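Asks: Below is a structure I'd like to ask you about.
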Number of protein chains: 2
Amino acid sequence: MPKASGTEHEPNLVGRSAQKRRAILSAAREVFLEHGFQVASMDEVAALAEVSKVTVYKHFSDKQSLFVAVITAAIAEAEATSRSLVDNLGKSMEVEQDLRTFARQHITVVMQPHLIQMRRVVIAEATRFPELARTWHHAGPERGHTRLAEQIKQLAERGLLDVPDPMLAAQHLNYLILSIPLNEAMFAGRDRPYSRRQLHRYADEAVRVFMAAYRA
Amino acid sequence: MPKASGTEHEPNLVGRSAQKRRAILSAAREVFLEHGFQVASMDEVAALAEVSKVTVYKHFSDKQSLFVAVITAAIAEAEATSRSLVDNLGKSMEVEQDLRTFARQHITVVMQPHLIQMRRVVIAEATRFPELARTWHHAGPERGHTRLAEQIKQLAERGLLDVPDPMLAAQHLNYLILSIPLNEAMFAGRDRPYSRRQLHRYADEAVRVFMAAYRA
């Protein structure tokens with residue numbers, strides 16, 4: 001269940017109202033992942049959340065706002081898991097080892113089935129509802145690359161990496177870690193889970209390639 | 001327009017029948033890209049191709065077979081463009097330079113708007129119609145990686161690269177080249193074209209990173 005608390009989009013609610021909002025978000029996530037954006041209905045969300053449709057609309061003005069809130073909450077939750085790992089990279093004394101720890105954590109988080117399926121739903125609607133895709137891209141990869149680039153810049157300033165363009169280096173690292181399993185997952189339906197060992201190998205090899213290219 | 005000739009799925013047709021098949025494929029591509037797989041109808045394809053619905057079904061037993069043929073033709077056409085570049089990499093005397101030429105060509109081909117949109121349609125249906133996604137993955141990235149890995153293996157055998165796992169190296173190279181613009185494109189709707197200069201920079205930097213990691 002996605003925890004909405006801590007996301008920037010959550011209004012300051014207390015008690016029963018906050019509880020209902022969480023129930024709606026949780027139900028909405030389930031409905032969107034099951035049916036996609038187009039087919040999903042506010043009626044079904046209300047029924048699953050055990051609230052009235054009026055209550056749903058009191059919290060979310062339309063289906064698109066509701067899906068944006070679901071996306072934002074899911075990404076914030078995923079990000080929270082690896083935030084401290086990323087934010088300490090710049091101060092690392094053991095760059096390669098700390099990058100490997102980050103990479104293993106990162107790939108494990110991003111490859112969670114609900115995020116894979118949500119990514120698919122977002123891509124599916126990118127043409128008809130570009131706002132959804134932009135929200136995903138901004139809250140996910142864009143912000144992730146920016147945060148990673150800041151840390152890489154610090155490592156370069158400390159003379160531990162040689163990086164003319166920290167943003168490009170951050171994108172290289174991110175996609176070296178994720179691309180192989182993420183692309184396979186996009187095209188493989190729901191039936192191909194990865195073992196922890198496989199994911200760790202992708203993470204370790206990504207860091208090896210990255211260090212070869214960017215070591216000072 | 002996708003040329004169906006040369007794909008493995010094309011039956012041996014001559015004259016008017018082959019002409020009609022091409023017209024159907026071309027119309028189908030347009031309809032699928034415009035509406036996605038679910039909403040697209042065989043009626044619309046027949047109307048746009050200016051043939052009867054019976055003729056459409058004579059060539060393609062159902063909508064899924066038709067879409068598989070469209071995917072296969074589009075990928076075969078894209079592949080044909082860079083095939084000779086890939087197939088000569090193993091014999092290269094100037095590895096870095098030849099990889100760069102390949103990378104620039106590869107990114108230009110893959111980022112064509114119709115392939116981006118088709119990729120989106122395929123991902124959208126990956127859960128409901130896994131066969132479509134598997135066809136795409138098999139004809140596209142999987143076969144591409146295999147062919148690239150063979151050439152990388154030859155370069156390693158000639159002592160020009162140091163590659164313990166040619167398939168992994170091929171995947172690293174492919175995604176270093178494509179991931180940044182391809183992921184942005186997936187989430188950006190139809191409105192963000194890349195300049196040739198931007199794409200070439202991604203290609204060149206990908207080869208730089210790859211060579212740093214795999215140079216002998």
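Lettering and numbering for the structure tokens are positional, with chains as A, B, ... in the shown order, residues counted from 1 in each chain, and ligands counted from 1 in the shown order.
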Find the nearest atom pair between each residue of chain B and chain A for residues within 10 Å, count only C-alpha atoms, give distances in Å to one decimal, sort rows by chain and ascending number, and present the table as CSV.
Replies:
```
residue,atom,partner,partner_atom,distance
B:Glu34,CA,A:Thr127,CA,9.7
B:His35,CA,A:Arg128,CA,9.9
B:Gly36,CA,A:Ala124,CA,8.8
B:Gln117,CA,A:Thr127,CA,8.6
B:Arg119,CA,A:Phe187,CA,9.4
B:Arg120,CA,A:Ala124,CA,5.9
B:Val121,CA,A:Ala124,CA,6.4
B:Val122,CA,A:Phe187,CA,7.6
B:Ile123,CA,A:Met186,CA,6.0
B:Ala124,CA,A:Ala124,CA,4.3
B:Glu125,CA,A:Ala124,CA,7.9
B:Ala126,CA,A:Gly189,CA,5.0
B:Thr127,CA,A:Gly189,CA,4.7
B:Arg128,CA,A:Gly189,CA,8.0
B:Phe129,CA,A:Gly189,CA,8.2
B:Pro130,CA,A:Gly189,CA,5.5
B:Glu131,CA,A:Ala188,CA,8.9
B:Leu132,CA,A:Phe187,CA,8.5
B:Ala133,CA,A:Phe187,CA,4.8
B:Arg134,CA,A:Phe187,CA,6.2
B:Thr135,CA,A:Phe187,CA,9.0
B:Trp136,CA,A:Phe187,CA,7.6
B:His137,CA,A:Phe187,CA,6.2
B:His138,CA,A:Phe187,CA,9.5
B:Pro141,CA,A:Glu184,CA,9.0
B:Glu142,CA,A:Glu184,CA,9.2
B:Leu168,CA,A:Glu205,CA,8.8
B:Ala169,CA,A:Val209,CA,9.6
B:Gln171,CA,A:Ile180,CA,6.8
B:His172,CA,A:Leu176,CA,6.6
B:Leu173,CA,A:Leu176,CA,9.3
B:Asn174,CA,A:Ile180,CA,9.6
B:Tyr175,CA,A:Ser179,CA,6.4
B:Leu176,CA,A:His172,CA,6.6
B:Ile177,CA,A:His172,CA,9.4
B:Leu178,CA,A:Tyr175,CA,9.5
B:Ser179,CA,A:Tyr175,CA,6.4
B:Ile180,CA,A:Gln171,CA,6.8
B:Asn183,CA,A:His137,CA,8.9
B:Glu184,CA,A:His137,CA,7.6
B:Ala185,CA,A:Ala126,CA,9.4
B:Met186,CA,A:Ile123,CA,6.0
B:Phe187,CA,A:Ala133,CA,4.8
B:Ala188,CA,A:Arg134,CA,6.3
B:Gly189,CA,A:Thr127,CA,4.7
B:Arg190,CA,A:Thr127,CA,6.5
B:Asp191,CA,A:Thr127,CA,9.3
B:Tyr202,CA,A:Leu168,CA,8.9
B:Glu205,CA,A:Leu168,CA,8.8
B:Ala206,CA,A:His172,CA,8.2
B:Arg208,CA,A:Ala213,CA,7.5
B:Val209,CA,A:Ala213,CA,5.0
B:Phe210,CA,A:Val209,CA,7.3
B:Met211,CA,A:Ala213,CA,8.1
B:Ala212,CA,A:Ala213,CA,5.0
B:Ala213,CA,A:Val209,CA,4.9
B:Tyr214,CA,A:Val209,CA,8.1
B:Arg215,CA,A:Ala212,CA,9.9
```
Asks: Would you superpose chain B on chain A, least squares on all C-alpha atoms in order, and hand back the fitted chain as an mmCIF file with C-alpha atoms, in the first residue's frame?
Replies:
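Produced file superposed13.cif, reproduced below:
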```cif
data_model
loop_
_atom_site.group_PDB
_atom_site.id
_atom_site.type_symbol
_atom_site.label_atom_id
_atom_site.label_comp_id
_atom_site.auth_asym_id
_atom_site.auth_seq_id
_atom_site.Cartn_x
_atom_site.Cartn_y
_atom_site.Cartn_z
ATOM 1 C CA MET B 1 0.024 0.125 -0.051
ATOM 2 C CA PRO B 2 1.413 3.552 -0.976
ATOM 3 C CA LYS B 3 1.880 5.858 1.979
ATOM 4 C CA ALA B 4 0.803 9.301 0.960
ATOM 5 C CA SER B 5 2.372 10.948 3.972
ATOM 6 C CA GLY B 6 5.433 12.994 3.183
ATOM 7 C CA THR B 7 4.516 13.682 -0.455
ATOM 8 C CA GLU B 8 4.325 17.269 -1.510
ATOM 9 C CA HIS B 9 0.802 16.865 -2.860
ATOM 10 C CA GLU B 10 -0.866 15.886 0.348
ATOM 11 C CA PRO B 11 -3.023 18.546 1.900
ATOM 12 C CA ASN B 12 -2.894 18.938 5.644
ATOM 13 C CA LEU B 13 -5.641 16.572 6.733
ATOM 14 C CA VAL B 14 -6.310 15.035 10.075
ATOM 15 C CA GLY B 15 -8.147 12.065 11.509
ATOM 16 C CA ARG B 16 -10.902 10.434 9.512
ATOM 17 C CA SER B 17 -10.424 12.632 6.473
ATOM 18 C CA ALA B 18 -6.744 11.656 6.151
ATOM 19 C CA GLN B 19 -7.668 8.037 6.698
ATOM 20 C CA LYS B 20 -10.253 8.158 3.906
ATOM 21 C CA ARG B 21 -7.774 9.833 1.590
ATOM 22 C CA ARG B 22 -5.303 7.013 2.170
ATOM 23 C CA ALA B 23 -7.996 4.406 1.562
ATOM 24 C CA ILE B 24 -8.940 6.106 -1.723
ATOM 25 C CA LEU B 25 -5.307 6.269 -2.869
ATOM 26 C CA SER B 26 -4.727 2.634 -2.010
ATOM 27 C CA ALA B 27 -7.894 1.536 -3.824
ATOM 28 C CA ALA B 28 -7.089 3.759 -6.808
ATOM 29 C CA ARG B 29 -3.645 2.253 -7.149
ATOM 30 C CA GLU B 30 -5.146 -1.210 -7.303
ATOM 31 C CA VAL B 31 -7.799 -0.204 -9.839
ATOM 32 C CA PHE B 32 -5.386 1.682 -12.131
ATOM 33 C CA LEU B 33 -2.852 -1.159 -12.084
ATOM 34 C CA GLU B 34 -5.533 -3.696 -12.868
ATOM 35 C CA HIS B 35 -7.413 -1.869 -15.645
ATOM 36 C CA GLY B 36 -5.129 0.873 -16.898
ATOM 37 C CA PHE B 37 -6.096 4.532 -16.828
ATOM 38 C CA GLN B 38 -8.808 4.636 -19.485
ATOM 39 C CA VAL B 39 -10.970 1.772 -18.251
ATOM 40 C CA ALA B 40 -10.573 2.519 -14.521
ATOM 41 C CA SER B 41 -13.590 4.284 -13.039
ATOM 42 C CA MET B 42 -14.135 6.496 -10.014
ATOM 43 C CA ASP B 43 -17.108 4.256 -9.100
ATOM 44 C CA GLU B 44 -14.864 1.246 -8.768
ATOM 45 C CA VAL B 45 -12.359 3.214 -6.700
ATOM 46 C CA ALA B 46 -15.121 4.410 -4.361
ATOM 47 C CA ALA B 47 -16.506 0.878 -3.962
ATOM 48 C CA LEU B 48 -13.106 -0.644 -3.240
ATOM 49 C CA ALA B 49 -12.201 2.136 -0.788
ATOM 50 C CA GLU B 50 -15.612 1.744 0.867
ATOM 51 C CA VAL B 51 -16.405 5.434 0.654
ATOM 52 C CA SER B 52 -19.020 7.333 -1.326
ATOM 53 C CA LYS B 53 -18.275 8.739 -4.751
ATOM 54 C CA VAL B 54 -18.878 12.205 -3.306
ATOM 55 C CA THR B 55 -16.059 11.576 -0.840
ATOM 56 C CA VAL B 56 -13.721 10.556 -3.672
ATOM 57 C CA TYR B 57 -14.494 13.806 -5.515
ATOM 58 C CA LYS B 58 -14.063 15.802 -2.309
ATOM 59 C CA HIS B 59 -10.433 14.669 -2.244
ATOM 60 C CA PHE B 60 -9.686 14.431 -5.973
ATOM 61 C CA SER B 61 -11.375 16.623 -8.561
ATOM 62 C CA ASP B 62 -11.122 14.061 -11.385
ATOM 63 C CA LYS B 63 -9.618 10.751 -12.454
ATOM 64 C CA GLN B 64 -6.459 12.395 -13.738
ATOM 65 C CA SER B 65 -5.744 14.186 -10.431
ATOM 66 C CA LEU B 66 -6.315 10.914 -8.635
ATOM 67 C CA PHE B 67 -3.856 9.071 -10.862
ATOM 68 C CA VAL B 68 -1.281 11.865 -10.468
ATOM 69 C CA ALA B 69 -1.603 11.478 -6.684
ATOM 70 C CA VAL B 70 -1.168 7.697 -6.988
ATOM 71 C CA ILE B 71 1.959 8.094 -9.140
ATOM 72 C CA THR B 72 3.436 10.739 -6.865
ATOM 73 C CA ALA B 73 2.865 8.652 -3.742
ATOM 74 C CA ALA B 74 4.350 5.493 -5.272
ATOM 75 C CA ILE B 75 7.452 7.305 -6.490
ATOM 76 C CA ALA B 76 7.900 9.168 -3.190
ATOM 77 C CA GLU B 77 7.697 5.881 -1.329
ATOM 78 C CA ALA B 78 10.260 4.262 -3.660
ATOM 79 C CA GLU B 79 12.543 7.283 -3.435
ATOM 80 C CA ALA B 80 12.420 7.349 0.368
ATOM 81 C CA THR B 81 13.955 3.862 0.432
ATOM 82 C CA SER B 82 17.175 4.850 -1.300
ATOM 83 C CA ARG B 83 17.339 8.551 -0.431
ATOM 84 C CA SER B 84 19.850 8.252 2.399
ATOM 85 C CA LEU B 85 22.079 6.019 0.272
ATOM 86 C CA VAL B 86 22.110 8.568 -2.562
ATOM 87 C CA ASP B 87 22.490 11.610 -0.347
ATOM 88 C CA ASN B 88 25.632 10.217 1.302
ATOM 89 C CA LEU B 89 27.431 9.257 -1.913
ATOM 90 C CA GLY B 90 29.142 12.641 -2.222
ATOM 91 C CA LYS B 91 30.909 12.140 1.122
ATOM 92 C CA SER B 92 31.894 8.533 0.393
ATOM 93 C CA MET B 93 35.357 7.299 1.339
ATOM 94 C CA GLU B 94 34.875 4.052 -0.610
ATOM 95 C CA VAL B 95 33.260 5.234 -3.851
ATOM 96 C CA GLU B 96 33.054 1.968 -5.773
ATOM 97 C CA GLN B 97 31.727 0.017 -2.814
ATOM 98 C CA ASP B 98 29.149 2.664 -1.876
ATOM 99 C CA LEU B 99 28.001 2.993 -5.490
ATOM 100 C CA ARG B 100 27.514 -0.765 -5.557
ATOM 101 C CA THR B 101 25.405 -0.684 -2.395
ATOM 102 C CA PHE B 102 23.312 2.111 -3.910
ATOM 103 C CA ALA B 103 23.005 0.326 -7.272
ATOM 104 C CA ARG B 104 21.797 -2.915 -5.696
ATOM 105 C CA GLN B 105 19.216 -1.080 -3.626
ATOM 106 C CA HIS B 106 18.108 1.080 -6.548
ATOM 107 C CA ILE B 107 17.502 -1.817 -8.959
ATOM 108 C CA THR B 108 15.611 -3.765 -6.298
ATOM 109 C CA VAL B 109 13.284 -0.842 -5.605
ATOM 110 C CA VAL B 110 12.620 0.128 -9.220
ATOM 111 C CA MET B 111 11.934 -3.457 -10.322
ATOM 112 C CA GLN B 112 9.069 -3.914 -7.865
ATOM 113 C CA PRO B 113 6.095 -5.334 -9.823
ATOM 114 C CA HIS B 114 3.705 -2.493 -8.939
ATOM 115 C CA LEU B 115 6.164 0.119 -10.246
ATOM 116 C CA ILE B 116 6.772 -1.867 -13.452
ATOM 117 C CA GLN B 117 3.045 -2.083 -14.074
ATOM 118 C CA MET B 118 2.483 1.597 -13.229
ATOM 119 C CA ARG B 119 5.241 2.551 -15.633
ATOM 120 C CA ARG B 120 3.486 0.553 -18.331
ATOM 121 C CA VAL B 121 0.151 2.275 -17.645
ATOM 122 C CA VAL B 122 1.813 5.702 -17.776
ATOM 123 C CA ILE B 123 3.589 4.969 -21.069
ATOM 124 C CA ALA B 124 0.339 3.639 -22.523
ATOM 125 C CA GLU B 125 -1.337 6.999 -21.886
ATOM 126 C CA ALA B 126 1.603 9.258 -22.728
ATOM 127 C CA THR B 127 0.045 10.427 -25.990
ATOM 128 C CA ARG B 128 -3.537 10.971 -24.792
ATOM 129 C CA PHE B 129 -2.648 12.246 -21.303
ATOM 130 C CA PRO B 130 0.841 13.762 -21.523
ATOM 131 C CA GLU B 131 0.396 15.307 -18.067
ATOM 132 C CA LEU B 132 0.521 11.864 -16.438
ATOM 133 C CA ALA B 133 3.727 10.940 -18.224
ATOM 134 C CA ARG B 134 5.316 14.294 -17.427
ATOM 135 C CA THR B 135 4.426 13.870 -13.744
ATOM 136 C CA TRP B 136 6.049 10.450 -13.728
ATOM 137 C CA HIS B 137 9.140 11.637 -15.552
ATOM 138 C CA HIS B 138 9.543 14.709 -13.383
ATOM 139 C CA ALA B 139 8.989 12.958 -10.027
ATOM 140 C CA GLY B 140 10.943 9.849 -11.034
ATOM 141 C CA PRO B 141 13.914 9.841 -13.415
ATOM 142 C CA GLU B 142 14.369 13.622 -13.695
ATOM 143 C CA ARG B 143 14.536 14.266 -9.977
ATOM 144 C CA GLY B 144 16.551 11.078 -9.451
ATOM 145 C CA HIS B 145 19.133 12.150 -12.033
ATOM 146 C CA THR B 146 19.411 15.608 -10.510
ATOM 147 C CA ARG B 147 20.025 14.249 -7.020
ATOM 148 C CA LEU B 148 22.539 11.706 -8.252
ATOM 149 C CA ALA B 149 24.319 14.325 -10.360
ATOM 150 C CA GLU B 150 24.813 16.528 -7.275
ATOM 151 C CA GLN B 151 26.559 13.696 -5.465
ATOM 152 C CA ILE B 152 28.680 12.792 -8.488
ATOM 153 C CA LYS B 153 29.703 16.446 -8.730
ATOM 154 C CA GLN B 154 30.862 16.360 -5.099
ATOM 155 C CA LEU B 155 32.905 13.224 -5.776
ATOM 156 C CA ALA B 156 34.496 14.955 -8.767
ATOM 157 C CA GLU B 157 35.270 18.057 -6.676
ATOM 158 C CA ARG B 158 36.953 15.803 -4.125
ATOM 159 C CA GLY B 159 39.097 14.383 -6.941
ATOM 160 C CA LEU B 160 37.636 10.886 -6.729
ATOM 161 C CA LEU B 161 35.899 10.929 -10.123
ATOM 162 C CA ASP B 162 36.677 12.635 -13.425
ATOM 163 C CA VAL B 163 33.324 13.968 -14.662
ATOM 164 C CA PRO B 164 33.002 16.801 -17.201
ATOM 165 C CA ASP B 165 29.175 16.548 -17.213
ATOM 166 C CA PRO B 166 27.659 15.291 -13.923
ATOM 167 C CA MET B 167 24.104 15.076 -15.304
ATOM 168 C CA LEU B 168 25.186 12.883 -18.210
ATOM 169 C CA ALA B 169 27.239 10.716 -15.841
ATOM 170 C CA ALA B 170 24.223 10.337 -13.529
ATOM 171 C CA GLN B 171 22.054 9.263 -16.466
ATOM 172 C CA HIS B 172 24.705 6.797 -17.631
ATOM 173 C CA LEU B 173 24.901 5.276 -14.157
ATOM 174 C CA ASN B 174 21.132 5.092 -13.707
ATOM 175 C CA TYR B 175 20.507 3.421 -17.055
ATOM 176 C CA LEU B 176 23.525 1.108 -16.796
ATOM 177 C CA ILE B 177 21.930 -0.156 -13.589
ATOM 178 C CA LEU B 178 18.318 -0.374 -14.749
ATOM 179 C CA SER B 179 18.048 -0.712 -18.522
ATOM 180 C CA ILE B 180 18.532 -4.442 -19.096
ATOM 181 C CA PRO B 181 15.923 -5.768 -16.643
ATOM 182 C CA LEU B 182 13.629 -2.757 -17.005
ATOM 183 C CA ASN B 183 13.361 -3.074 -20.782
ATOM 184 C CA GLU B 184 12.866 -6.817 -20.578
ATOM 185 C CA ALA B 185 10.156 -6.288 -17.964
ATOM 186 C CA MET B 186 8.348 -3.723 -20.138
ATOM 187 C CA PHE B 187 7.942 -6.324 -22.881
ATOM 188 C CA ALA B 188 7.570 -9.507 -20.871
ATOM 189 C CA GLY B 189 4.129 -9.093 -19.305
ATOM 190 C CA ARG B 190 3.886 -9.934 -15.607
ATOM 191 C CA ASP B 191 5.417 -13.372 -15.638
ATOM 192 C CA ARG B 192 9.150 -12.927 -15.415
ATOM 193 C CA PRO B 193 10.460 -12.024 -11.983
ATOM 194 C CA TYR B 194 14.192 -11.554 -11.466
ATOM 195 C CA SER B 195 16.174 -13.237 -8.770
ATOM 196 C CA ARG B 196 18.007 -11.040 -6.283
ATOM 197 C CA ARG B 197 21.239 -12.551 -7.591
ATOM 198 C CA GLN B 198 20.494 -11.497 -11.200
ATOM 199 C CA LEU B 199 19.592 -7.958 -10.171
ATOM 200 C CA HIS B 200 22.733 -7.636 -8.047
ATOM 201 C CA ARG B 201 24.854 -8.787 -10.962
ATOM 202 C CA TYR B 202 23.367 -6.075 -13.212
ATOM 203 C CA ALA B 203 24.023 -3.538 -10.448
ATOM 204 C CA ASP B 204 27.626 -4.608 -9.898
ATOM 205 C CA GLU B 205 28.466 -4.686 -13.609
ATOM 206 C CA ALA B 206 26.892 -1.255 -14.063
ATOM 207 C CA VAL B 207 29.148 0.176 -11.375
ATOM 208 C CA ARG B 208 32.182 -1.544 -12.881
ATOM 209 C CA VAL B 209 31.492 0.070 -16.289
ATOM 210 C CA PHE B 210 30.707 3.446 -14.716
ATOM 211 C CA MET B 211 33.927 3.466 -12.672
ATOM 212 C CA ALA B 212 36.021 2.458 -15.701
ATOM 213 C CA ALA B 213 34.650 5.474 -17.572
ATOM 214 C CA TYR B 214 34.617 8.048 -14.770
ATOM 215 C CA ARG B 215 37.341 7.074 -12.302
ATOM 216 C CA ALA B 216 39.757 9.954 -11.693
#
```
Asks: So which residues of segment 76-199 of chain B fall under alpha helix (DSSP H) by DSSP, listed as a PyMOL selection string?
Replies: chain B and resi 76-87+95-110+113-124+130-137+143-157+166-187+196-199
